[in-house]
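To be precise, the following lines are my_file.pdb, and they hold PDB, C-alpha atoms.
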ATOM      1  CA  PHE A   1      94.539  64.623  73.838  1.00  0.00           C
ATOM      2  CA  GLU A   2      92.037  61.950  74.767  1.00  0.00           C
ATOM      3  CA  GLN A   3      93.317  58.441  75.423  1.00  0.00           C
ATOM      4  CA  LEU A   4      91.946  55.962  72.914  1.00  0.00           C
ATOM      5  CA  GLU A   5      91.583  52.595  74.661  1.00  0.00           C
ATOM      6  CA  TYR A   6      88.253  50.714  74.609  1.00  0.00           C
ATOM      7  CA  GLN A   7      86.084  51.481  77.643  1.00  0.00           C
ATOM      8  CA  SER A   8      83.068  49.160  77.374  1.00  0.00           C
ATOM      9  CA  ALA A   9      81.163  50.857  80.207  1.00  0.00           C
ATOM     10  CA  TYR A  10      81.018  54.150  78.336  1.00  0.00           C
ATOM     11  CA  GLN A  11      81.507  53.473  74.631  1.00  0.00           C
ATOM     12  CA  THR A  12      78.224  52.159  73.265  1.00  0.00           C
ATOM     13  CA  LEU A  13      76.589  51.201  69.994  1.00  0.00           C
ATOM     14  CA  ASP A  14      74.425  54.310  70.156  1.00  0.00           C
ATOM     15  CA  GLY A  15      77.555  56.424  70.558  1.00  0.00           C
ATOM     16  CA  VAL A  16      79.125  54.855  67.475  1.00  0.00           C
ATOM     17  CA  LYS A  17      75.924  55.550  65.543  1.00  0.00           C
ATOM     18  CA  LYS A  18      76.118  59.219  66.523  1.00  0.00           C
ATOM     19  CA  ILE A  19      79.679  59.449  65.244  1.00  0.00           C
ATOM     20  CA  LEU A  20      78.645  57.910  61.917  1.00  0.00           C
ATOM     21  CA  THR A  21      75.794  60.405  61.466  1.00  0.00           C
ATOM     22  CA  ASN A  22      75.927  62.277  58.170  1.00  0.00           C
ATOM     23  CA  THR A  23      78.145  59.663  56.519  1.00  0.00           C
ATOM     24  CA  PRO A  24      77.384  56.841  54.071  1.00  0.00           C
ATOM     25  CA  PHE A  25      77.802  54.437  57.025  1.00  0.00           C
ATOM     26  CA  ALA A  26      74.965  55.917  59.090  1.00  0.00           C
ATOM     27  CA  ASP A  27      72.179  53.369  59.684  1.00  0.00           C
ATOM     28  CA  ALA A  28      73.680  51.320  56.845  1.00  0.00           C
ATOM     29  CA  SER A  29      74.477  47.622  56.709  1.00  0.00           C
ATOM     30  CA  PHE A  30      76.577  45.345  54.551  1.00  0.00           C
ATOM     31  CA  THR A  31      76.922  41.639  53.774  1.00  0.00           C
ATOM     32  CA  TYR A  32      80.103  39.651  54.361  1.00  0.00           C
ATOM     33  CA  THR A  33      81.253  36.034  54.569  1.00  0.00           C
ATOM     34  CA  ASP A  34      82.049  34.769  58.063  1.00  0.00           C
ATOM     35  CA  ASP A  35      85.632  33.425  58.145  1.00  0.00           C
ATOM     36  CA  VAL A  36      84.799  30.670  60.616  1.00  0.00           C
ATOM     37  CA  THR A  37      81.462  29.322  59.379  1.00  0.00           C
ATOM     38  CA  GLY A  38      81.592  30.386  55.746  1.00  0.00           C
ATOM     39  CA  GLU A  39      78.084  31.765  56.159  1.00  0.00           C
ATOM     40  CA  SER A  40      76.876  34.980  54.589  1.00  0.00           C
ATOM     41  CA  LYS A  41      76.056  37.493  57.321  1.00  0.00           C
ATOM     42  CA  VAL A  42      74.610  40.991  57.502  1.00  0.00           C
ATOM     43  CA  THR A  43      75.749  43.615  60.004  1.00  0.00           C
ATOM     44  CA  THR A  44      75.656  47.363  60.391  1.00  0.00           C
ATOM     45  CA  TYR A  45      78.757  49.502  60.167  1.00  0.00           C
ATOM     46  CA  ALA A  46      78.195  50.663  63.739  1.00  0.00           C
ATOM     47  CA  SER A  47      78.104  47.060  64.992  1.00  0.00           C
ATOM     48  CA  ALA A  48      81.238  46.235  63.015  1.00  0.00           C
ATOM     49  CA  PHE A  49      83.163  49.088  64.643  1.00  0.00           C
ATOM     50  CA  LEU A  50      82.010  47.901  68.066  1.00  0.00           C
ATOM     51  CA  ASP A  51      83.121  44.334  67.263  1.00  0.00           C
ATOM     52  CA  ALA A  52      86.445  45.775  66.121  1.00  0.00           C
ATOM     53  CA  ALA A  53      86.845  47.549  69.469  1.00  0.00           C
ATOM     54  CA  LYS A  54      86.279  44.304  71.370  1.00  0.00           C
ATOM     55  CA  GLU A  55      88.862  42.481  69.241  1.00  0.00           C
ATOM     56  CA  SER A  56      91.501  45.220  69.306  1.00  0.00           C
ATOM     57  CA  GLY A  57      91.148  47.050  72.618  1.00  0.00           C
ATOM     58  CA  VAL A  58      90.751  50.349  70.749  1.00  0.00           C
ATOM     59  CA  SER A  59      87.911  52.781  71.379  1.00  0.00           C
ATOM     60  CA  PRO A  60      85.082  52.239  68.856  1.00  0.00           C
ATOM     61  CA  TYR A  61      84.580  56.000  68.913  1.00  0.00           C
ATOM     62  CA  HIS A  62      88.165  56.475  67.770  1.00  0.00           C
ATOM     63  CA  LEU A  63      87.819  53.776  65.112  1.00  0.00           C
ATOM     64  CA  ALA A  64      84.603  55.251  63.736  1.00  0.00           C
ATOM     65  CA  SER A  65      85.927  58.817  63.792  1.00  0.00           C
ATOM     66  CA  ARG A  66      89.275  57.777  62.263  1.00  0.00           C
ATOM     67  CA  SER A  67      87.458  56.015  59.434  1.00  0.00           C
ATOM     68  CA  LYS A  68      85.207  59.032  59.035  1.00  0.00           C
ATOM     69  CA  GLN A  69      88.266  61.268  58.755  1.00  0.00           C
ATOM     70  CA  GLU A  70      90.174  58.987  56.403  1.00  0.00           C
ATOM     71  CA  VAL A  71      87.663  57.714  53.848  1.00  0.00           C
ATOM     72  CA  VAL A  72      84.424  59.734  54.026  1.00  0.00           C
ATOM     73  CA  THR A  73      84.276  62.487  51.411  1.00  0.00           C
ATOM     74  CA  GLY A  74      80.658  63.587  51.883  1.00  0.00           C
ATOM     75  CA  PRO A  75      77.302  62.589  53.399  1.00  0.00           C
ATOM     76  CA  THR A  76      76.794  59.987  50.670  1.00  0.00           C
ATOM     77  CA  THR A  77      80.283  59.482  49.249  1.00  0.00           C
ATOM     78  CA  THR A  78      83.589  57.834  50.162  1.00  0.00           C
ATOM     79  CA  SER A  79      87.071  57.600  48.724  1.00  0.00           C
ATOM     80  CA  ILE A  80      88.068  54.655  46.549  1.00  0.00           C
ATOM     81  CA  ALA A  81      89.591  53.036  49.648  1.00  0.00           C
ATOM     82  CA  VAL A  82      86.265  51.480  50.628  1.00  0.00           C
ATOM     83  CA  THR A  83      84.309  51.052  47.395  1.00  0.00           C
ATOM     84  CA  GLY A  84      85.839  47.705  46.471  1.00  0.00           C
ATOM     85  CA  THR A  85      85.607  48.668  42.809  1.00  0.00           C
ATOM     86  CA  THR A  86      89.062  49.891  41.799  1.00  0.00           C
ATOM     87  CA  ASP A  87      90.517  48.308  38.681  1.00  0.00           C
ATOM     88  CA  SER A  88      93.862  47.671  40.375  1.00  0.00           C
ATOM     89  CA  TYR A  89      92.486  46.121  43.585  1.00  0.00           C
ATOM     90  CA  PRO A  90      88.902  44.941  43.011  1.00  0.00           C
ATOM     91  CA  GLY A  91      87.141  43.679  46.107  1.00  0.00           C
ATOM     92  CA  ILE A  92      89.737  45.153  48.496  1.00  0.00           C
ATOM     93  CA  PHE A  93      88.848  47.587  51.312  1.00  0.00           C
ATOM     94  CA  ASN A  94      90.875  49.799  53.658  1.00  0.00           C
ATOM     95  CA  PHE A  95      88.653  51.652  56.141  1.00  0.00           C
ATOM     96  CA  TYR A  96      91.511  53.429  57.958  1.00  0.00           C
ATOM     97  CA  ASN A  97      93.810  54.167  54.982  1.00  0.00           C
ATOM     98  CA  ILE A  98      96.557  52.073  56.583  1.00  0.00           C
ATOM     99  CA  GLY A  99      99.596  51.986  54.310  1.00  0.00           C
ATOM    100  CA  ALA A 100      98.284  54.935  52.269  1.00  0.00           C
ATOM    101  CA  TYR A 101     101.684  56.556  52.036  1.00  0.00           C
ATOM    102  CA  SER A 102     101.997  60.003  50.506  1.00  0.00           C
ATOM    103  CA  GLY A 103     102.511  60.019  46.765  1.00  0.00           C
ATOM    104  CA  ALA A 104     100.581  60.208  43.517  1.00  0.00           C
ATOM    105  CA  SER A 105      97.859  57.811  44.719  1.00  0.00           C
ATOM    106  CA  PRO A 106      97.872  57.345  48.524  1.00  0.00           C
ATOM    107  CA  ALA A 107      94.554  55.444  48.525  1.00  0.00           C
ATOM    108  CA  LEU A 108      95.907  52.955  45.985  1.00  0.00           C
ATOM    109  CA  ASN A 109      99.010  52.506  48.135  1.00  0.00           C
ATOM    110  CA  GLY A 110      96.699  51.653  51.013  1.00  0.00           C
ATOM    111  CA  LEU A 111      94.724  49.184  48.910  1.00  0.00           C
ATOM    112  CA  LYS A 112      97.958  47.513  47.816  1.00  0.00           C
ATOM    113  CA  TRP A 113      98.923  47.073  51.478  1.00  0.00           C
ATOM    114  CA  ALA A 114      95.441  45.762  52.320  1.00  0.00           C
ATOM    115  CA  SER A 115      95.643  43.190  49.518  1.00  0.00           C
ATOM    116  CA  THR A 116      98.953  41.665  50.612  1.00  0.00           C
ATOM    117  CA  GLY A 117     100.277  39.858  53.675  1.00  0.00           C
ATOM    118  CA  THR A 118      98.541  37.587  56.153  1.00  0.00           C
ATOM    119  CA  THR A 119      98.608  39.654  59.359  1.00  0.00           C
ATOM    120  CA  PHE A 120      95.627  41.487  60.840  1.00  0.00           C
ATOM    121  CA  LEU A 121      93.117  39.413  58.831  1.00  0.00           C
ATOM    122  CA  ARG A 122      94.635  40.453  55.520  1.00  0.00           C
ATOM    123  CA  PRO A 123      93.863  40.374  52.671  1.00  0.00           C
ATOM    124  CA  TRP A 124      90.972  42.700  53.450  1.00  0.00           C
ATOM    125  CA  ASN A 125      88.661  41.252  50.849  1.00  0.00           C
ATOM    126  CA  ASN A 126      85.467  42.244  52.626  1.00  0.00           C
ATOM    127  CA  ARG A 127      84.345  45.200  54.711  1.00  0.00           C
ATOM    128  CA  TYR A 128      84.237  43.313  58.007  1.00  0.00           C
ATOM    129  CA  ARG A 129      87.813  42.014  57.701  1.00  0.00           C
ATOM    130  CA  SER A 130      89.008  45.537  56.942  1.00  0.00           C
ATOM    131  CA  ILE A 131      87.164  47.188  59.836  1.00  0.00           C
ATOM    132  CA  VAL A 132      88.177  44.561  62.400  1.00  0.00           C
ATOM    133  CA  GLY A 133      91.629  43.739  61.021  1.00  0.00           C
ATOM    134  CA  GLY A 134      92.475  47.417  60.655  1.00  0.00           C
ATOM    135  CA  ALA A 135      91.475  48.002  64.268  1.00  0.00           C
ATOM    136  CA  MET A 136      93.760  45.141  65.333  1.00  0.00           C
ATOM    137  CA  TYR A 137      96.604  46.819  63.435  1.00  0.00           C
ATOM    138  CA  ILE A 138      95.946  50.188  65.090  1.00  0.00           C
ATOM    139  CA  GLY A 139      95.717  48.552  68.515  1.00  0.00           C
ATOM    140  CA  SER A 140      98.812  46.400  68.137  1.00  0.00           C
ATOM    141  CA  ASN A 141     101.028  49.017  66.546  1.00  0.00           C
ATOM    142  CA  TYR A 142      99.850  52.199  68.264  1.00  0.00           C
ATOM    143  CA  ILE A 143      97.196  52.308  70.996  1.00  0.00           C
ATOM    144  CA  ASN A 144      98.298  49.275  73.014  1.00  0.00           C
ATOM    145  CA  ARG A 145     102.004  50.141  72.806  1.00  0.00           C
ATOM    146  CA  GLY A 146     101.688  53.613  74.301  1.00  0.00           C
ATOM    147  CA  GLN A 147     100.907  55.804  71.275  1.00  0.00           C
ATOM    148  CA  ASN A 148      97.396  56.070  72.608  1.00  0.00           C
ATOM    149  CA  THR A 149      96.481  59.614  71.578  1.00  0.00           C
ATOM    150  CA  GLY A 150      96.251  61.351  68.227  1.00  0.00           C
ATOM    151  CA  TYR A 151      99.176  63.554  69.267  1.00  0.00           C
ATOM    152  CA  LEU A 152     101.444  60.603  70.063  1.00  0.00           C
ATOM    153  CA  GLN A 153     100.546  58.923  66.775  1.00  0.00           C
ATOM    154  CA  LYS A 154     102.049  61.920  64.994  1.00  0.00           C
ATOM    155  CA  PHE A 155     104.664  63.088  67.521  1.00  0.00           C
ATOM    156  CA  ASN A 156     105.969  59.913  69.110  1.00  0.00           C
ATOM    157  CA  VAL A 157     107.643  60.971  72.358  1.00  0.00           C
ATOM    158  CA  THR A 158     107.060  57.607  74.029  1.00  0.00           C
ATOM    159  CA  SER A 159     109.994  55.416  75.020  1.00  0.00           C
ATOM    160  CA  THR A 160     109.386  53.048  72.081  1.00  0.00           C
ATOM    161  CA  ASN A 161     110.748  54.122  68.676  1.00  0.00           C
ATOM    162  CA  THR A 162     110.980  57.663  70.016  1.00  0.00           C
ATOM    163  CA  TYR A 163     110.587  60.390  67.374  1.00  0.00           C
ATOM    164  CA  SER A 164     109.626  57.903  64.656  1.00  0.00           C
ATOM    165  CA  HIS A 165     106.817  55.427  63.946  1.00  0.00           C
ATOM    166  CA  GLN A 166     104.197  57.933  62.876  1.00  0.00           C
ATOM    167  CA  TYR A 167     100.651  57.029  61.821  1.00  0.00           C
ATOM    168  CA  MET A 168     100.374  60.045  59.513  1.00  0.00           C
ATOM    169  CA  THR A 169     102.763  62.353  57.660  1.00  0.00           C
ATOM    170  CA  ASN A 170     100.772  65.594  57.875  1.00  0.00           C
ATOM    171  CA  VAL A 171     102.478  67.824  60.462  1.00  0.00           C
ATOM    172  CA  GLU A 172      99.122  69.468  61.283  1.00  0.00           C
ATOM    173  CA  ALA A 173      97.322  66.135  61.709  1.00  0.00           C
ATOM    174  CA  ALA A 174      97.273  66.092  65.508  1.00  0.00           C
ATOM    175  CA  ASN A 175      95.481  69.445  65.595  1.00  0.00           C
ATOM    176  CA  SER A 176      93.134  68.936  62.638  1.00  0.00           C
ATOM    177  CA  GLU A 177      92.156  65.397  63.613  1.00  0.00           C
ATOM    178  CA  ALA A 178      91.496  66.473  67.199  1.00  0.00           C
ATOM    179  CA  LEU A 179      89.013  69.042  65.898  1.00  0.00           C
ATOM    180  CA  LYS A 180      87.381  66.471  63.621  1.00  0.00           C
ATOM    181  CA  THR A 181      87.172  63.970  66.462  1.00  0.00           C
ATOM    182  CA  LYS A 182      85.586  66.584  68.713  1.00  0.00           C
ATOM    183  CA  ASN A 183      82.953  67.205  66.047  1.00  0.00           C
ATOM    184  CA  ALA A 184      82.430  63.478  65.590  1.00  0.00           C
ATOM    185  CA  TYR A 185      81.732  63.174  69.321  1.00  0.00           C
ATOM    186  CA  ASN A 186      78.889  65.701  68.978  1.00  0.00           C
ATOM    187  CA  GLY A 187      76.379  65.162  71.790  1.00  0.00           C
ATOM    188  CA  LEU A 188      78.614  62.691  73.660  1.00  0.00           C
ATOM    189  CA  LEU A 189      81.159  64.897  75.408  1.00  0.00           C
ATOM    190  CA  ASP A 190      78.855  65.812  78.292  1.00  0.00           C
ATOM    191  CA  SER A 191      77.925  62.217  79.081  1.00  0.00           C
ATOM    192  CA  VAL A 192      81.190  60.303  78.622  1.00  0.00           C
ATOM    193  CA  PRO A 193      84.149  60.608  81.023  1.00  0.00           C
ATOM    194  CA  LEU A 194      87.318  61.416  79.112  1.00  0.00           C
ATOM    195  CA  VAL A 195      90.924  60.793  80.186  1.00  0.00           C
ATOM    196  CA  PHE A 196      93.503  63.108  78.643  1.00  0.00           C
ATOM    197  CA  SER A 197      97.246  62.582  78.231  1.00  0.00           C
ATOM    198  CA  ILE A 198      99.253  65.824  78.050  1.00  0.00           C
ATOM    199  CA  PRO A 199     103.002  65.647  77.337  1.00  0.00           C
ATOM    200  CA  VAL A 200     104.993  68.211  79.305  1.00  0.00           C
ATOM    201  CA  TYR A 201     108.307  69.259  77.743  1.00  0.00           C
ATOM    202  CA  GLU A 202     111.278  70.560  79.683  1.00  0.00           C
ATOM    203  CA  ASN A 203     113.840  73.175  78.649  1.00  0.00           C
ATOM    204  CA  MET A 204     111.600  74.781  76.049  1.00  0.00           C
ATOM    205  CA  PRO A 205     112.415  78.256  74.604  1.00  0.00           C
ATOM    206  CA  ALA A 206     110.721  81.219  76.270  1.00  0.00           C
ATOM    207  CA  GLU A 207     109.043  82.288  73.031  1.00  0.00           C
ATOM    208  CA  ASN A 208     107.180  80.291  70.417  1.00  0.00           C
ATOM    209  CA  CYS A 209     108.942  79.593  67.163  1.00  0.00           C
ATOM    210  CA  PRO A 210     107.607  81.646  64.236  1.00  0.00           C
ATOM    211  CA  VAL A 211     105.119  79.987  61.925  1.00  0.00           C
ATOM    212  CA  PRO A 212     106.924  78.539  58.860  1.00  0.00           C
ATOM    213  CA  GLN A 213     106.399  80.548  55.686  1.00  0.00           C
TER     214      GLN A 213
END
Kindly present the structure from the file in structure tokens form.
Amino acid sequence: FEQLEYQSAYQTLDGVKKILTNTPFADASFTYTDDVTGESKVTTYASAFLDAAKESGVSPYHLASRSKQEVVTGPTTTSIAVTGTTDSYPGIFNFYNIGAYSGASPALNGLKWASTGTTFLRPWNNRYRSIVGGAMYIGSNYINRGQNTGYLQKFNVTSTNTYSHQYMTNVEAANSEALKTKNAYNGLLDSVPLVFSIPVYENMPAENCPVPQ
């Protein structure tokens, strides 16, 4: 599984744009209010993910592909997590589905989390705060503490909170998200050096366990 830290020499704006191809974020921009100056600004989604990488230390390719996996439902559609138009949480965005715990309405759970608290630029009341603040959360809680691959975010065999502290509940997530990330990196794999982290387990049984029925 590829390591997911930000590598500025190799992870570029053009690369982020390629990952966002065939999504509502491709070549698209949005307006937001700058927290420091109070000015209204316009940026592209690709630029926002790159800014998020610089602030968080997380690969912009991972951030863009994770958002693509979590909230994009089609070439022109997204889940309610990033529309800002839900009745329960109007004007709130969650580009990585953080806090979207399993239940009747995972996306609403994520929007509730995004609307509360003061850490990681919350409340995420504009797209930029959600993209950058969410990246800071992922960096602080996962990538920069050793859970720096998709596998380790699901199966935490690091020395910190071993066997717990999962990003996702789906037991197949490490495999399915790796395939989606590979597809998101279309056209980039031959030109970008990749570093892989492969856990090696000792004292494993000689035969694989049967697939659960």
d(atom CA of A:Thr44, atom CA of A:Asp14) in Å: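 Distance reported for this atom pair: 12.0 Å.
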Contacts of A:Leu188 within 12 Å, only C-alpha atoms, excl. fewer than 3 positions in-chain, as an NGL selection string: :A and (10-12 or 14-19 or 61 or 181-185 or 191-194)
Computed interatomic separation between atom CA of A:Thr83 and atom CA of A:Asn125 (Å):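 Taking atom CA of A:Thr83 as the start and atom CA of A:Asn125 as the end point, the length is 11.3 Å.
In this model, the gap between atom CA of A:Asp87 and atom CA of A:Leu121 comes to 22.2 Å.
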Residues matched by the PyMOL selection byres ((chain A and resi 156) around 12) as number ranges by chain: A: 142-143, 145-155, 157-168, 174, 199
Test item: residues at most 10 Å from stretch 112-117 of chain A, only C-alpha atoms, excluding those fewer than 4 positions along its chain, as a ChimeraX atom specification: /A:81,88-95,97-101,106-108,121-125,130,133-134
Atoms to include: C-alpha atoms. Write the selected residues as a PDB file, in the coordinates of the input.
ATOM      1  CA  ALA A  81      89.591  53.036  49.648  1.00  0.00           C
ATOM      2  CA  SER A  88      93.862  47.671  40.375  1.00  0.00           C
ATOM      3  CA  TYR A  89      92.486  46.121  43.585  1.00  0.00           C
ATOM      4  CA  PRO A  90      88.902  44.941  43.011  1.00  0.00           C
ATOM      5  CA  GLY A  91      87.141  43.679  46.107  1.00  0.00           C
ATOM      6  CA  ILE A  92      89.737  45.153  48.496  1.00  0.00           C
ATOM      7  CA  PHE A  93      88.848  47.587  51.312  1.00  0.00           C
ATOM      8  CA  ASN A  94      90.875  49.799  53.658  1.00  0.00           C
ATOM      9  CA  PHE A  95      88.653  51.652  56.141  1.00  0.00           C
ATOM     10  CA  ASN A  97      93.810  54.167  54.982  1.00  0.00           C
ATOM     11  CA  ILE A  98      96.557  52.073  56.583  1.00  0.00           C
ATOM     12  CA  GLY A  99      99.596  51.986  54.310  1.00  0.00           C
ATOM     13  CA  ALA A 100      98.284  54.935  52.269  1.00  0.00           C
ATOM     14  CA  TYR A 101     101.684  56.556  52.036  1.00  0.00           C
ATOM     15  CA  PRO A 106      97.872  57.345  48.524  1.00  0.00           C
ATOM     16  CA  ALA A 107      94.554  55.444  48.525  1.00  0.00           C
ATOM     17  CA  LEU A 108      95.907  52.955  45.985  1.00  0.00           C
ATOM     18  CA  LEU A 121      93.117  39.413  58.831  1.00  0.00           C
ATOM     19  CA  ARG A 122      94.635  40.453  55.520  1.00  0.00           C
ATOM     20  CA  PRO A 123      93.863  40.374  52.671  1.00  0.00           C
ATOM     21  CA  TRP A 124      90.972  42.700  53.450  1.00  0.00           C
ATOM     22  CA  ASN A 125      88.661  41.252  50.849  1.00  0.00           C
ATOM     23  CA  SER A 130      89.008  45.537  56.942  1.00  0.00           C
ATOM     24  CA  GLY A 133      91.629  43.739  61.021  1.00  0.00           C
ATOM     25  CA  GLY A 134      92.475  47.417  60.655  1.00  0.00           C
TER      26      GLY A 134
END
Hits from the PyMOL selection byres ((chain A and resi 69-77) around 8), listed as a list in words: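 After applying the PyMOL selection byres ((chain A and resi 69-77) around 8), what remains is Asn22, Thr23, Pro24, Ser65, Arg66, Ser67, Lys68, Thr78, Ser79, Ile80, Ala81, Val82, Phe95, Tyr96, Asn97, Glu177 and Lys180 of chain A.
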Can I get the selection written as a PDB file, keeping the file's coordinate frame, with C-alpha atoms?
ATOM      1  CA  ASN A  22      75.927  62.277  58.170  1.00  0.00           C
ATOM      2  CA  THR A  23      78.145  59.663  56.519  1.00  0.00           C
ATOM      3  CA  PRO A  24      77.384  56.841  54.071  1.00  0.00           C
ATOM      4  CA  SER A  65      85.927  58.817  63.792  1.00  0.00           C
ATOM      5  CA  ARG A  66      89.275  57.777  62.263  1.00  0.00           C
ATOM      6  CA  SER A  67      87.458  56.015  59.434  1.00  0.00           C
ATOM      7  CA  LYS A  68      85.207  59.032  59.035  1.00  0.00           C
ATOM      8  CA  THR A  78      83.589  57.834  50.162  1.00  0.00           C
ATOM      9  CA  SER A  79      87.071  57.600  48.724  1.00  0.00           C
ATOM     10  CA  ILE A  80      88.068  54.655  46.549  1.00  0.00           C
ATOM     11  CA  ALA A  81      89.591  53.036  49.648  1.00  0.00           C
ATOM     12  CA  VAL A  82      86.265  51.480  50.628  1.00  0.00           C
ATOM     13  CA  PHE A  95      88.653  51.652  56.141  1.00  0.00           C
ATOM     14  CA  TYR A  96      91.511  53.429  57.958  1.00  0.00           C
ATOM     15  CA  ASN A  97      93.810  54.167  54.982  1.00  0.00           C
ATOM     16  CA  GLU A 177      92.156  65.397  63.613  1.00  0.00           C
ATOM     17  CA  LYS A 180      87.381  66.471  63.621  1.00  0.00           C
TER      18      LYS A 180
END
Shortest interatomic distance to A:Asp51 - which of A:Tyr6, A:Phe120, A:Phe196, A:Tyr201, counting only C-alpha atoms: A:Tyr6
Picked residues, the PyMOL selection byres ((chain A and resi 54) around 12), expected as a ChimeraX atom specification: /A:5-8,11-13,47-53,55-60,63,131-133,135-136,139
With all atoms of stretch 3-13 of chain A from the file as input, state the centre and edge lengths in Å to one decimal of the axis-aligned box that has 3 Å extra on each side, as JSON.
{"center_x": 85.0, "center_y": 53.8, "center_z": 75.1, "size_x": 22.7, "size_y": 15.3, "size_z": 16.2}
Could you add the missing atoms to stretch 29-41 of chain A, up to N, CA and C atoms, and return them as a PDB file, in the frame of the given file?
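Everything below was put into out-v5.pdb:
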ATOM      1  N   SER A  29      73.977  48.966  56.443  1.00  0.00           N
ATOM      2  CA  SER A  29      74.477  47.622  56.709  1.00  0.00           C
ATOM      3  C   SER A  29      75.192  47.082  55.478  1.00  0.00           C
ATOM      4  N   PHE A  30      75.892  45.991  55.670  1.00  0.00           N
ATOM      5  CA  PHE A  30      76.577  45.345  54.551  1.00  0.00           C
ATOM      6  C   PHE A  30      76.607  43.842  54.788  1.00  0.00           C
ATOM      7  N   THR A  31      76.850  43.097  53.726  1.00  0.00           N
ATOM      8  CA  THR A  31      76.922  41.639  53.774  1.00  0.00           C
ATOM      9  C   THR A  31      78.381  41.206  53.664  1.00  0.00           C
ATOM     10  N   TYR A  32      78.743  40.185  54.435  1.00  0.00           N
ATOM     11  CA  TYR A  32      80.103  39.651  54.361  1.00  0.00           C
ATOM     12  C   TYR A  32      80.077  38.158  54.644  1.00  0.00           C
ATOM     13  N   THR A  33      81.136  37.467  54.318  1.00  0.00           N
ATOM     14  CA  THR A  33      81.253  36.034  54.569  1.00  0.00           C
ATOM     15  C   THR A  33      82.017  35.806  55.855  1.00  0.00           C
ATOM     16  N   ASP A  34      81.414  35.080  56.787  1.00  0.00           N
ATOM     17  CA  ASP A  34      82.049  34.769  58.063  1.00  0.00           C
ATOM     18  C   ASP A  34      83.235  33.844  57.834  1.00  0.00           C
ATOM     19  N   ASP A  35      84.420  34.213  58.366  1.00  0.00           N
ATOM     20  CA  ASP A  35      85.632  33.425  58.145  1.00  0.00           C
ATOM     21  C   ASP A  35      85.567  32.046  58.778  1.00  0.00           C
ATOM     22  N   VAL A  36      84.843  31.934  59.880  1.00  0.00           N
ATOM     23  CA  VAL A  36      84.799  30.670  60.616  1.00  0.00           C
ATOM     24  C   VAL A  36      83.771  29.712  60.025  1.00  0.00           C
ATOM     25  N   THR A  37      82.556  30.202  59.809  1.00  0.00           N
ATOM     26  CA  THR A  37      81.462  29.322  59.379  1.00  0.00           C
ATOM     27  C   THR A  37      81.275  29.294  57.865  1.00  0.00           C
ATOM     28  N   GLY A  38      81.808  30.303  57.178  1.00  0.00           N
ATOM     29  CA  GLY A  38      81.592  30.386  55.746  1.00  0.00           C
ATOM     30  C   GLY A  38      80.210  30.900  55.378  1.00  0.00           C
ATOM     31  N   GLU A  39      79.433  31.275  56.399  1.00  0.00           N
ATOM     32  CA  GLU A  39      78.084  31.765  56.159  1.00  0.00           C
ATOM     33  C   GLU A  39      78.097  33.224  55.710  1.00  0.00           C
ATOM     34  N   SER A  40      77.074  33.584  54.949  1.00  0.00           N
ATOM     35  CA  SER A  40      76.876  34.980  54.589  1.00  0.00           C
ATOM     36  C   SER A  40      76.115  35.661  55.714  1.00  0.00           C
ATOM     37  N   LYS A  41      76.660  36.786  56.201  1.00  0.00           N
ATOM     38  CA  LYS A  41      76.056  37.493  57.321  1.00  0.00           C
ATOM     39  C   LYS A  41      75.820  38.956  56.949  1.00  0.00           C
TER      40      LYS A  41
END
